[in-house]
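The structure appears below as structure tokens.
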Protein chains: 2
Amino acid sequence: MSDETRFAKNLTPPYYAVIFANQLRQDPIGYDETAQRMVELASQQPGYLGAESTRDTTGFGITVSYWQDLEAIKAWKLESEHTLARENGRRLWYQGYELRIAKIEHAYNWRFGESD
Amino acid sequence: MSDETRFAKNLTPPYYAVIFANQLRQDPIGYDETAQRMVELASQQPGYLGAESTRDTTGFGITVSYWQDLEAIKAWKLESEHTLARENGRRLWYQGYELRIAKIEHAYNWRFGESD
């Protein structure tokens with residue numbers, strides 16, 4: 001079913017996550033295009049495992065991206081187009097954000113139709 | 001400013017996170033009340049540090065709750081009203097979910113008006 005594509009799937013701990021909670025400003029011109037490009041670019045990086053992302057109508061969003069190791073996260077941080085996008089984010093689009101780097105130790109999932 | 005209240009703030013690593021990505025079914029009757037009650041109940045548990053949560057108009061949501069240690073997460077899992085709510089979630093409200101338990105190792109934040 002279509003919603004299945006929203007989950008990052010079939011990942012085996014341990015792996016790493018970047019938890020990015022953010023509040024957009026009103027009318028963040030150019031944000032959507034850049035965000036879409038960053039999704040595409042991240043997915044091409046070594047060690048990228050997947051991501052989950054959502055945002056409510058007030059502009060409060062959470063994106064969690066998953067990575068093989070800390071080195072992959074660091075390399076993505078240093079990627080030049082991503083670095084420029086982050087600068088534009090602070091200058092133009094975000095009201096604020098919290099970014100946390102975490103090691104996933106355990107994971108569980110459930111889909112409708114499975115038993116408990 | 002009002003959006004500040006959406007972030008979990010002033011946490012010092014290491015601490016733990018429960019990353020809960022979930023897809024609601026259409027018209028999940030009773031979900032909102034139970035979700036609100038679980039926010040209230042979680043905030044009363046020992047070791048609870050805060051949470052961030054958002055959901056888009058398709059019903060795809062991410063809630064990240066933060067905890068002092070794995071023991072606090074385990075105790076919250078076993079809390080009886082929460083256990084019942086999870087059972088109702090699978091029976092009535094969720095199409096599917098992914099739940100990950102992670103150790104936060106590094107954290108950064110930024111607010112509009114700060115320098116880079």
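Lettering and numbering for the structure tokens are positional, with chains as A, B, ... in the shown order, residues counted from 1 in each chain, and ligands counted from 1 in the shown order.
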Run DSSP on the backbone and give me the residues of region 47-109 of chain B it puts in strand (DSSP E), as a PDB file with N, CA, C and O atoms, in the first residue's frame.
```pdb
ATOM      1  N   TYR B  48      11.367  10.727  32.312  1.00  0.00           N
ATOM      2  CA  TYR B  48      10.884  11.394  31.094  1.00  0.00           C
ATOM      3  C   TYR B  48      11.550  12.765  30.964  1.00  0.00           C
ATOM      4  O   TYR B  48      11.584  13.537  31.917  1.00  0.00           O
ATOM      5  N   LEU B  49      12.060  13.069  29.764  1.00  0.00           N
ATOM      6  CA  LEU B  49      12.778  14.333  29.565  1.00  0.00           C
ATOM      7  C   LEU B  49      12.069  15.298  28.625  1.00  0.00           C
ATOM      8  O   LEU B  49      12.375  16.492  28.622  1.00  0.00           O
ATOM      9  N   GLY B  50      11.152  14.796  27.798  1.00  0.00           N
ATOM     10  CA  GLY B  50      10.477  15.671  26.843  1.00  0.00           C
ATOM     11  C   GLY B  50      10.100  14.898  25.595  1.00  0.00           C
ATOM     12  O   GLY B  50      10.359  13.700  25.485  1.00  0.00           O
ATOM     13  N   ALA B  51       9.467  15.591  24.641  1.00  0.00           N
ATOM     14  CA  ALA B  51       9.048  14.933  23.401  1.00  0.00           C
ATOM     15  C   ALA B  51       8.850  15.969  22.307  1.00  0.00           C
ATOM     16  O   ALA B  51       8.622  17.153  22.585  1.00  0.00           O
ATOM     17  N   GLU B  52       8.944  15.493  21.065  1.00  0.00           N
ATOM     18  CA  GLU B  52       8.620  16.304  19.885  1.00  0.00           C
ATOM     19  C   GLU B  52       7.705  15.473  19.006  1.00  0.00           C
ATOM     20  O   GLU B  52       7.931  14.269  18.840  1.00  0.00           O
ATOM     21  N   SER B  53       6.677  16.093  18.438  1.00  0.00           N
ATOM     22  CA  SER B  53       5.683  15.313  17.715  1.00  0.00           C
ATOM     23  C   SER B  53       5.063  16.143  16.617  1.00  0.00           C
ATOM     24  O   SER B  53       4.773  17.334  16.804  1.00  0.00           O
ATOM     25  N   THR B  54       4.837  15.534  15.471  1.00  0.00           N
ATOM     26  CA  THR B  54       4.146  16.223  14.381  1.00  0.00           C
ATOM     27  C   THR B  54       3.501  15.186  13.467  1.00  0.00           C
ATOM     28  O   THR B  54       3.881  14.007  13.481  1.00  0.00           O
ATOM     29  N   ARG B  55       2.508  15.628  12.703  1.00  0.00           N
ATOM     30  CA  ARG B  55       1.768  14.715  11.816  1.00  0.00           C
ATOM     31  C   ARG B  55       1.246  15.511  10.641  1.00  0.00           C
ATOM     32  O   ARG B  55       0.726  16.616  10.804  1.00  0.00           O
ATOM     33  N   PHE B  60       0.438  10.666   8.502  1.00  0.00           N
ATOM     34  CA  PHE B  60       1.765  10.127   8.795  1.00  0.00           C
ATOM     35  C   PHE B  60       2.413  10.990   9.877  1.00  0.00           C
ATOM     36  O   PHE B  60       2.592  12.208   9.690  1.00  0.00           O
ATOM     37  N   GLY B  61       2.737  10.383  11.009  1.00  0.00           N
ATOM     38  CA  GLY B  61       3.255  11.125  12.148  1.00  0.00           C
ATOM     39  C   GLY B  61       4.574  10.582  12.643  1.00  0.00           C
ATOM     40  O   GLY B  61       4.899   9.406  12.450  1.00  0.00           O
ATOM     41  N   ILE B  62       5.341  11.458  13.269  1.00  0.00           N
ATOM     42  CA  ILE B  62       6.552  11.055  13.974  1.00  0.00           C
ATOM     43  C   ILE B  62       6.513  11.690  15.354  1.00  0.00           C
ATOM     44  O   ILE B  62       6.307  12.904  15.476  1.00  0.00           O
ATOM     45  N   THR B  63       6.665  10.864  16.373  1.00  0.00           N
ATOM     46  CA  THR B  63       6.820  11.344  17.741  1.00  0.00           C
ATOM     47  C   THR B  63       8.143  10.817  18.268  1.00  0.00           C
ATOM     48  O   THR B  63       8.420   9.620  18.165  1.00  0.00           O
ATOM     49  N   VAL B  64       8.954  11.716  18.785  1.00  0.00           N
ATOM     50  CA  VAL B  64      10.199  11.314  19.431  1.00  0.00           C
ATOM     51  C   VAL B  64      10.100  11.706  20.896  1.00  0.00           C
ATOM     52  O   VAL B  64       9.911  12.888  21.210  1.00  0.00           O
ATOM     53  N   SER B  65      10.159  10.722  21.780  1.00  0.00           N
ATOM     54  CA  SER B  65      10.166  11.026  23.212  1.00  0.00           C
ATOM     55  C   SER B  65      11.567  10.750  23.755  1.00  0.00           C
ATOM     56  O   SER B  65      12.284   9.875  23.255  1.00  0.00           O
ATOM     57  N   TYR B  66      11.945  11.527  24.763  1.00  0.00           N
ATOM     58  CA  TYR B  66      13.313  11.476  25.291  1.00  0.00           C
ATOM     59  C   TYR B  66      13.280  11.040  26.746  1.00  0.00           C
ATOM     60  O   TYR B  66      12.407  11.471  27.517  1.00  0.00           O
ATOM     61  N   TRP B  67      14.258  10.207  27.095  1.00  0.00           N
ATOM     62  CA  TRP B  67      14.266   9.533  28.397  1.00  0.00           C
ATOM     63  C   TRP B  67      15.683   9.480  28.954  1.00  0.00           C
ATOM     64  O   TRP B  67      16.657   9.417  28.207  1.00  0.00           O
ATOM     65  N   TYR B  94      -3.912   2.483  14.065  1.00  0.00           N
ATOM     66  CA  TYR B  94      -2.709   2.515  13.224  1.00  0.00           C
ATOM     67  C   TYR B  94      -2.829   1.594  12.017  1.00  0.00           C
ATOM     68  O   TYR B  94      -3.341   0.472  12.112  1.00  0.00           O
ATOM     69  N   GLN B  95      -2.273   2.081  10.922  1.00  0.00           N
ATOM     70  CA  GLN B  95      -2.074   1.246   9.741  1.00  0.00           C
ATOM     71  C   GLN B  95      -0.744   0.499   9.874  1.00  0.00           C
ATOM     72  O   GLN B  95      -0.600  -0.625   9.391  1.00  0.00           O
ATOM     73  N   GLY B  96       0.196   1.149  10.519  1.00  0.00           N
ATOM     74  CA  GLY B  96       1.495   0.527  10.734  1.00  0.00           C
ATOM     75  C   GLY B  96       2.400   1.485  11.481  1.00  0.00           C
ATOM     76  O   GLY B  96       2.098   2.679  11.580  1.00  0.00           O
ATOM     77  N   TYR B  97       3.466   0.943  12.039  1.00  0.00           N
ATOM     78  CA  TYR B  97       4.431   1.807  12.703  1.00  0.00           C
ATOM     79  C   TYR B  97       5.816   1.181  12.729  1.00  0.00           C
ATOM     80  O   TYR B  97       5.972  -0.034  12.561  1.00  0.00           O
ATOM     81  N   GLU B  98       6.789   2.047  12.926  1.00  0.00           N
ATOM     82  CA  GLU B  98       8.182   1.654  13.186  1.00  0.00           C
ATOM     83  C   GLU B  98       8.587   2.324  14.488  1.00  0.00           C
ATOM     84  O   GLU B  98       8.370   3.525  14.660  1.00  0.00           O
ATOM     85  N   LEU B  99       9.148   1.567  15.392  1.00  0.00           N
ATOM     86  CA  LEU B  99       9.560   2.094  16.692  1.00  0.00           C
ATOM     87  C   LEU B  99      11.034   1.758  16.894  1.00  0.00           C
ATOM     88  O   LEU B  99      11.434   0.604  16.733  1.00  0.00           O
ATOM     89  N   ARG B 100      11.818   2.775  17.184  1.00  0.00           N
ATOM     90  CA  ARG B 100      13.260   2.575  17.341  1.00  0.00           C
ATOM     91  C   ARG B 100      13.714   3.188  18.659  1.00  0.00           C
ATOM     92  O   ARG B 100      13.260   4.271  19.020  1.00  0.00           O
ATOM     93  N   ILE B 101      14.597   2.495  19.327  1.00  0.00           N
ATOM     94  CA  ILE B 101      15.144   2.979  20.589  1.00  0.00           C
ATOM     95  C   ILE B 101      16.603   3.319  20.356  1.00  0.00           C
ATOM     96  O   ILE B 101      17.371   2.506  19.827  1.00  0.00           O
ATOM     97  N   ALA B 102      16.958   4.548  20.734  1.00  0.00           N
ATOM     98  CA  ALA B 102      18.258   5.091  20.348  1.00  0.00           C
ATOM     99  C   ALA B 102      18.914   5.815  21.505  1.00  0.00           C
ATOM    100  O   ALA B 102      18.241   6.382  22.371  1.00  0.00           O
ATOM    101  N   LYS B 103      20.217   5.801  21.494  1.00  0.00           N
ATOM    102  CA  LYS B 103      21.004   6.571  22.458  1.00  0.00           C
ATOM    103  C   LYS B 103      21.474   7.856  21.786  1.00  0.00           C
ATOM    104  O   LYS B 103      22.176   7.816  20.766  1.00  0.00           O
ATOM    105  N   ILE B 104      21.071   8.997  22.344  1.00  0.00           N
ATOM    106  CA  ILE B 104      21.490  10.287  21.787  1.00  0.00           C
ATOM    107  C   ILE B 104      22.919  10.551  22.230  1.00  0.00           C
ATOM    108  O   ILE B 104      23.209  10.603  23.431  1.00  0.00           O
ATOM    109  N   GLU B 105      23.788  10.730  21.266  1.00  0.00           N
ATOM    110  CA  GLU B 105      25.205  10.910  21.568  1.00  0.00           C
ATOM    111  C   GLU B 105      25.657  12.359  21.413  1.00  0.00           C
ATOM    112  O   GLU B 105      26.581  12.795  22.099  1.00  0.00           O
ATOM    113  N   HIS B 106      25.044  13.078  20.481  1.00  0.00           N
ATOM    114  CA  HIS B 106      25.416  14.473  20.223  1.00  0.00           C
ATOM    115  C   HIS B 106      24.147  15.254  19.915  1.00  0.00           C
ATOM    116  O   HIS B 106      23.209  14.708  19.334  1.00  0.00           O
ATOM    117  N   ALA B 107      24.129  16.537  20.275  1.00  0.00           N
ATOM    118  CA  ALA B 107      22.955  17.367  19.990  1.00  0.00           C
ATOM    119  C   ALA B 107      23.386  18.802  19.735  1.00  0.00           C
ATOM    120  O   ALA B 107      24.351  19.295  20.333  1.00  0.00           O
ATOM    121  N   TYR B 108      22.650  19.439  18.827  1.00  0.00           N
ATOM    122  CA  TYR B 108      22.928  20.818  18.429  1.00  0.00           C
ATOM    123  C   TYR B 108      21.588  21.517  18.304  1.00  0.00           C
ATOM    124  O   TYR B 108      20.576  20.892  18.019  1.00  0.00           O
ATOM    125  N   ASN B 109      21.577  22.820  18.486  1.00  0.00           N
ATOM    126  CA  ASN B 109      20.343  23.530  18.169  1.00  0.00           C
ATOM    127  C   ASN B 109      20.664  24.922  17.664  1.00  0.00           C
ATOM    128  O   ASN B 109      21.781  25.429  17.809  1.00  0.00           O
TER     129      ASN B 109
END
```
Can I have chain B aligned to chain A? Use a least-squares fit on all Cα atoms paired in order and write it out as a PDB file with C-alpha atoms, in the first residue's frame.
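Saved the output as selection_14.pdb:
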```pdb
ATOM      1  CA  MET B   1       0.035  -0.024   0.072  1.00  0.00           C
ATOM      2  CA  SER B   2       1.137   3.504  -0.614  1.00  0.00           C
ATOM      3  CA  ASP B   3       1.801   4.591   2.953  1.00  0.00           C
ATOM      4  CA  GLU B   4       4.413   1.846   3.257  1.00  0.00           C
ATOM      5  CA  THR B   5       6.761   4.004   1.256  1.00  0.00           C
ATOM      6  CA  ARG B   6       6.903   6.524   4.102  1.00  0.00           C
ATOM      7  CA  PHE B   7       8.754   4.176   6.447  1.00  0.00           C
ATOM      8  CA  ALA B   8      12.445   3.390   6.445  1.00  0.00           C
ATOM      9  CA  LYS B   9      12.366  -0.390   6.365  1.00  0.00           C
ATOM     10  CA  ASN B  10      14.458  -3.492   6.833  1.00  0.00           C
ATOM     11  CA  LEU B  11      17.224  -1.870   8.854  1.00  0.00           C
ATOM     12  CA  THR B  12      19.132  -4.000  11.335  1.00  0.00           C
ATOM     13  CA  PRO B  13      20.565  -2.370  14.476  1.00  0.00           C
ATOM     14  CA  PRO B  14      22.997  -1.041  15.266  1.00  0.00           C
ATOM     15  CA  TYR B  15      22.862   1.927  12.915  1.00  0.00           C
ATOM     16  CA  TYR B  16      22.672   5.685  13.364  1.00  0.00           C
ATOM     17  CA  ALA B  17      19.986   8.363  13.103  1.00  0.00           C
ATOM     18  CA  VAL B  18      19.943  12.106  12.643  1.00  0.00           C
ATOM     19  CA  ILE B  19      16.793  13.434  14.306  1.00  0.00           C
ATOM     20  CA  PHE B  20      16.022  16.881  12.899  1.00  0.00           C
ATOM     21  CA  ALA B  21      13.089  18.711  14.493  1.00  0.00           C
ATOM     22  CA  ASN B  22      12.476  22.084  12.920  1.00  0.00           C
ATOM     23  CA  GLN B  23      10.061  24.988  12.756  1.00  0.00           C
ATOM     24  CA  LEU B  24       9.690  26.716   9.395  1.00  0.00           C
ATOM     25  CA  ARG B  25       8.977  30.421   9.104  1.00  0.00           C
ATOM     26  CA  GLN B  26       5.867  31.487   7.247  1.00  0.00           C
ATOM     27  CA  ASP B  27       6.112  31.338   3.443  1.00  0.00           C
ATOM     28  CA  PRO B  28       9.626  29.865   3.167  1.00  0.00           C
ATOM     29  CA  ILE B  29      10.233  30.670  -0.492  1.00  0.00           C
ATOM     30  CA  GLY B  30      12.390  28.072  -2.201  1.00  0.00           C
ATOM     31  CA  TYR B  31      12.318  25.661   0.719  1.00  0.00           C
ATOM     32  CA  ASP B  32      10.350  22.851  -0.942  1.00  0.00           C
ATOM     33  CA  GLU B  33      12.639  22.614  -3.943  1.00  0.00           C
ATOM     34  CA  THR B  34      15.750  22.541  -1.796  1.00  0.00           C
ATOM     35  CA  ALA B  35      14.254  20.012   0.609  1.00  0.00           C
ATOM     36  CA  GLN B  36      13.381  17.719  -2.276  1.00  0.00           C
ATOM     37  CA  ARG B  37      16.882  18.097  -3.696  1.00  0.00           C
ATOM     38  CA  MET B  38      18.423  17.265  -0.306  1.00  0.00           C
ATOM     39  CA  VAL B  39      16.327  14.074  -0.070  1.00  0.00           C
ATOM     40  CA  GLU B  40      17.624  13.068  -3.487  1.00  0.00           C
ATOM     41  CA  LEU B  41      21.213  14.019  -2.688  1.00  0.00           C
ATOM     42  CA  ALA B  42      21.224  12.307   0.720  1.00  0.00           C
ATOM     43  CA  SER B  43      19.980   9.083  -0.831  1.00  0.00           C
ATOM     44  CA  GLN B  44      23.067   9.020  -3.047  1.00  0.00           C
ATOM     45  CA  GLN B  45      25.548   9.311  -0.166  1.00  0.00           C
ATOM     46  CA  PRO B  46      27.601   6.349   1.028  1.00  0.00           C
ATOM     47  CA  GLY B  47      26.113   4.830   4.159  1.00  0.00           C
ATOM     48  CA  TYR B  48      22.625   6.313   3.696  1.00  0.00           C
ATOM     49  CA  LEU B  49      19.964   3.817   4.814  1.00  0.00           C
ATOM     50  CA  GLY B  50      16.672   5.706   4.540  1.00  0.00           C
ATOM     51  CA  ALA B  51      14.586   8.473   6.099  1.00  0.00           C
ATOM     52  CA  GLU B  52      11.183   9.311   7.563  1.00  0.00           C
ATOM     53  CA  SER B  53       9.764  12.815   7.400  1.00  0.00           C
ATOM     54  CA  THR B  54       6.550  14.646   8.190  1.00  0.00           C
ATOM     55  CA  ARG B  55       5.369  18.207   8.848  1.00  0.00           C
ATOM     56  CA  ASP B  56       2.142  19.634  10.169  1.00  0.00           C
ATOM     57  CA  THR B  57       0.208  22.624   8.879  1.00  0.00           C
ATOM     58  CA  THR B  58       1.943  24.977  11.339  1.00  0.00           C
ATOM     59  CA  GLY B  59       5.298  24.203   9.716  1.00  0.00           C
ATOM     60  CA  PHE B  60       6.639  22.063  12.549  1.00  0.00           C
ATOM     61  CA  GLY B  61       8.496  19.136  10.988  1.00  0.00           C
ATOM     62  CA  ILE B  62      10.526  16.131  12.016  1.00  0.00           C
ATOM     63  CA  THR B  63      12.875  14.333   9.651  1.00  0.00           C
ATOM     64  CA  VAL B  64      14.808  11.298  10.806  1.00  0.00           C
ATOM     65  CA  SER B  65      17.506  10.049   8.452  1.00  0.00           C
ATOM     66  CA  TYR B  66      19.299   6.748   9.019  1.00  0.00           C
ATOM     67  CA  TRP B  67      22.961   6.029   8.385  1.00  0.00           C
ATOM     68  CA  GLN B  68      25.374   3.143   8.629  1.00  0.00           C
ATOM     69  CA  ASP B  69      27.850   4.887  10.914  1.00  0.00           C
ATOM     70  CA  LEU B  70      28.997   8.248  12.268  1.00  0.00           C
ATOM     71  CA  GLU B  71      31.506   8.641   9.453  1.00  0.00           C
ATOM     72  CA  ALA B  72      28.677   8.616   6.895  1.00  0.00           C
ATOM     73  CA  ILE B  73      26.834  11.316   8.869  1.00  0.00           C
ATOM     74  CA  LYS B  74      29.963  13.444   9.060  1.00  0.00           C
ATOM     75  CA  ALA B  75      30.610  13.113   5.314  1.00  0.00           C
ATOM     76  CA  TRP B  76      27.013  14.161   4.578  1.00  0.00           C
ATOM     77  CA  LYS B  77      27.414  17.173   6.863  1.00  0.00           C
ATOM     78  CA  LEU B  78      30.480  18.230   4.878  1.00  0.00           C
ATOM     79  CA  GLU B  79      28.918  17.684   1.429  1.00  0.00           C
ATOM     80  CA  SER B  80      29.141  21.078  -0.259  1.00  0.00           C
ATOM     81  CA  GLU B  81      25.618  21.440  -1.677  1.00  0.00           C
ATOM     82  CA  HIS B  82      24.191  20.305   1.668  1.00  0.00           C
ATOM     83  CA  THR B  83      26.355  22.818   3.507  1.00  0.00           C
ATOM     84  CA  LEU B  84      25.021  25.615   1.311  1.00  0.00           C
ATOM     85  CA  ALA B  85      21.447  24.431   1.845  1.00  0.00           C
ATOM     86  CA  ARG B  86      21.935  24.511   5.626  1.00  0.00           C
ATOM     87  CA  GLU B  87      23.233  28.074   5.412  1.00  0.00           C
ATOM     88  CA  ASN B  88      20.195  29.061   3.348  1.00  0.00           C
ATOM     89  CA  GLY B  89      18.019  27.262   5.875  1.00  0.00           C
ATOM     90  CA  ARG B  90      19.247  29.450   8.703  1.00  0.00           C
ATOM     91  CA  ARG B  91      19.152  32.589   6.605  1.00  0.00           C
ATOM     92  CA  LEU B  92      15.771  32.099   4.920  1.00  0.00           C
ATOM     93  CA  TRP B  93      13.592  29.224   6.049  1.00  0.00           C
ATOM     94  CA  TYR B  94      13.942  28.045   9.636  1.00  0.00           C
ATOM     95  CA  GLN B  95      12.690  29.669  12.789  1.00  0.00           C
ATOM     96  CA  GLY B  96      14.697  27.171  14.783  1.00  0.00           C
ATOM     97  CA  TYR B  97      15.776  23.573  14.965  1.00  0.00           C
ATOM     98  CA  GLU B  98      17.085  20.807  17.191  1.00  0.00           C
ATOM     99  CA  LEU B  99      19.414  18.228  15.671  1.00  0.00           C
ATOM    100  CA  ARG B 100      20.369  15.062  17.515  1.00  0.00           C
ATOM    101  CA  ILE B 101      22.672  12.242  16.510  1.00  0.00           C
ATOM    102  CA  ALA B 102      21.738   8.871  17.919  1.00  0.00           C
ATOM    103  CA  LYS B 103      22.724   5.239  17.807  1.00  0.00           C
ATOM    104  CA  ILE B 104      19.747   2.960  17.143  1.00  0.00           C
ATOM    105  CA  GLU B 105      20.029   0.029  19.503  1.00  0.00           C
ATOM    106  CA  HIS B 106      16.652  -1.706  19.151  1.00  0.00           C
ATOM    107  CA  ALA B 107      13.859  -1.568  16.569  1.00  0.00           C
ATOM    108  CA  TYR B 108      10.361  -2.986  16.243  1.00  0.00           C
ATOM    109  CA  ASN B 109       7.650  -2.642  13.665  1.00  0.00           C
ATOM    110  CA  TRP B 110       4.064  -3.571  13.104  1.00  0.00           C
ATOM    111  CA  ARG B 111       1.697  -3.516  10.132  1.00  0.00           C
ATOM    112  CA  PHE B 112      -2.061  -3.899  10.033  1.00  0.00           C
ATOM    113  CA  GLY B 113      -2.954  -7.557   9.542  1.00  0.00           C
ATOM    114  CA  GLU B 114      -0.055  -8.843  11.616  1.00  0.00           C
ATOM    115  CA  SER B 115      -0.781 -10.396  14.971  1.00  0.00           C
ATOM    116  CA  ASP B 116       0.430  -8.613  18.089  1.00  0.00           C
TER     117      ASP B 116
END
```
Picked from chain B by DSSP as alpha helix (DSSP H), as an MDAnalysis selection string
chainID B and resid 31:42 70:78 80:88
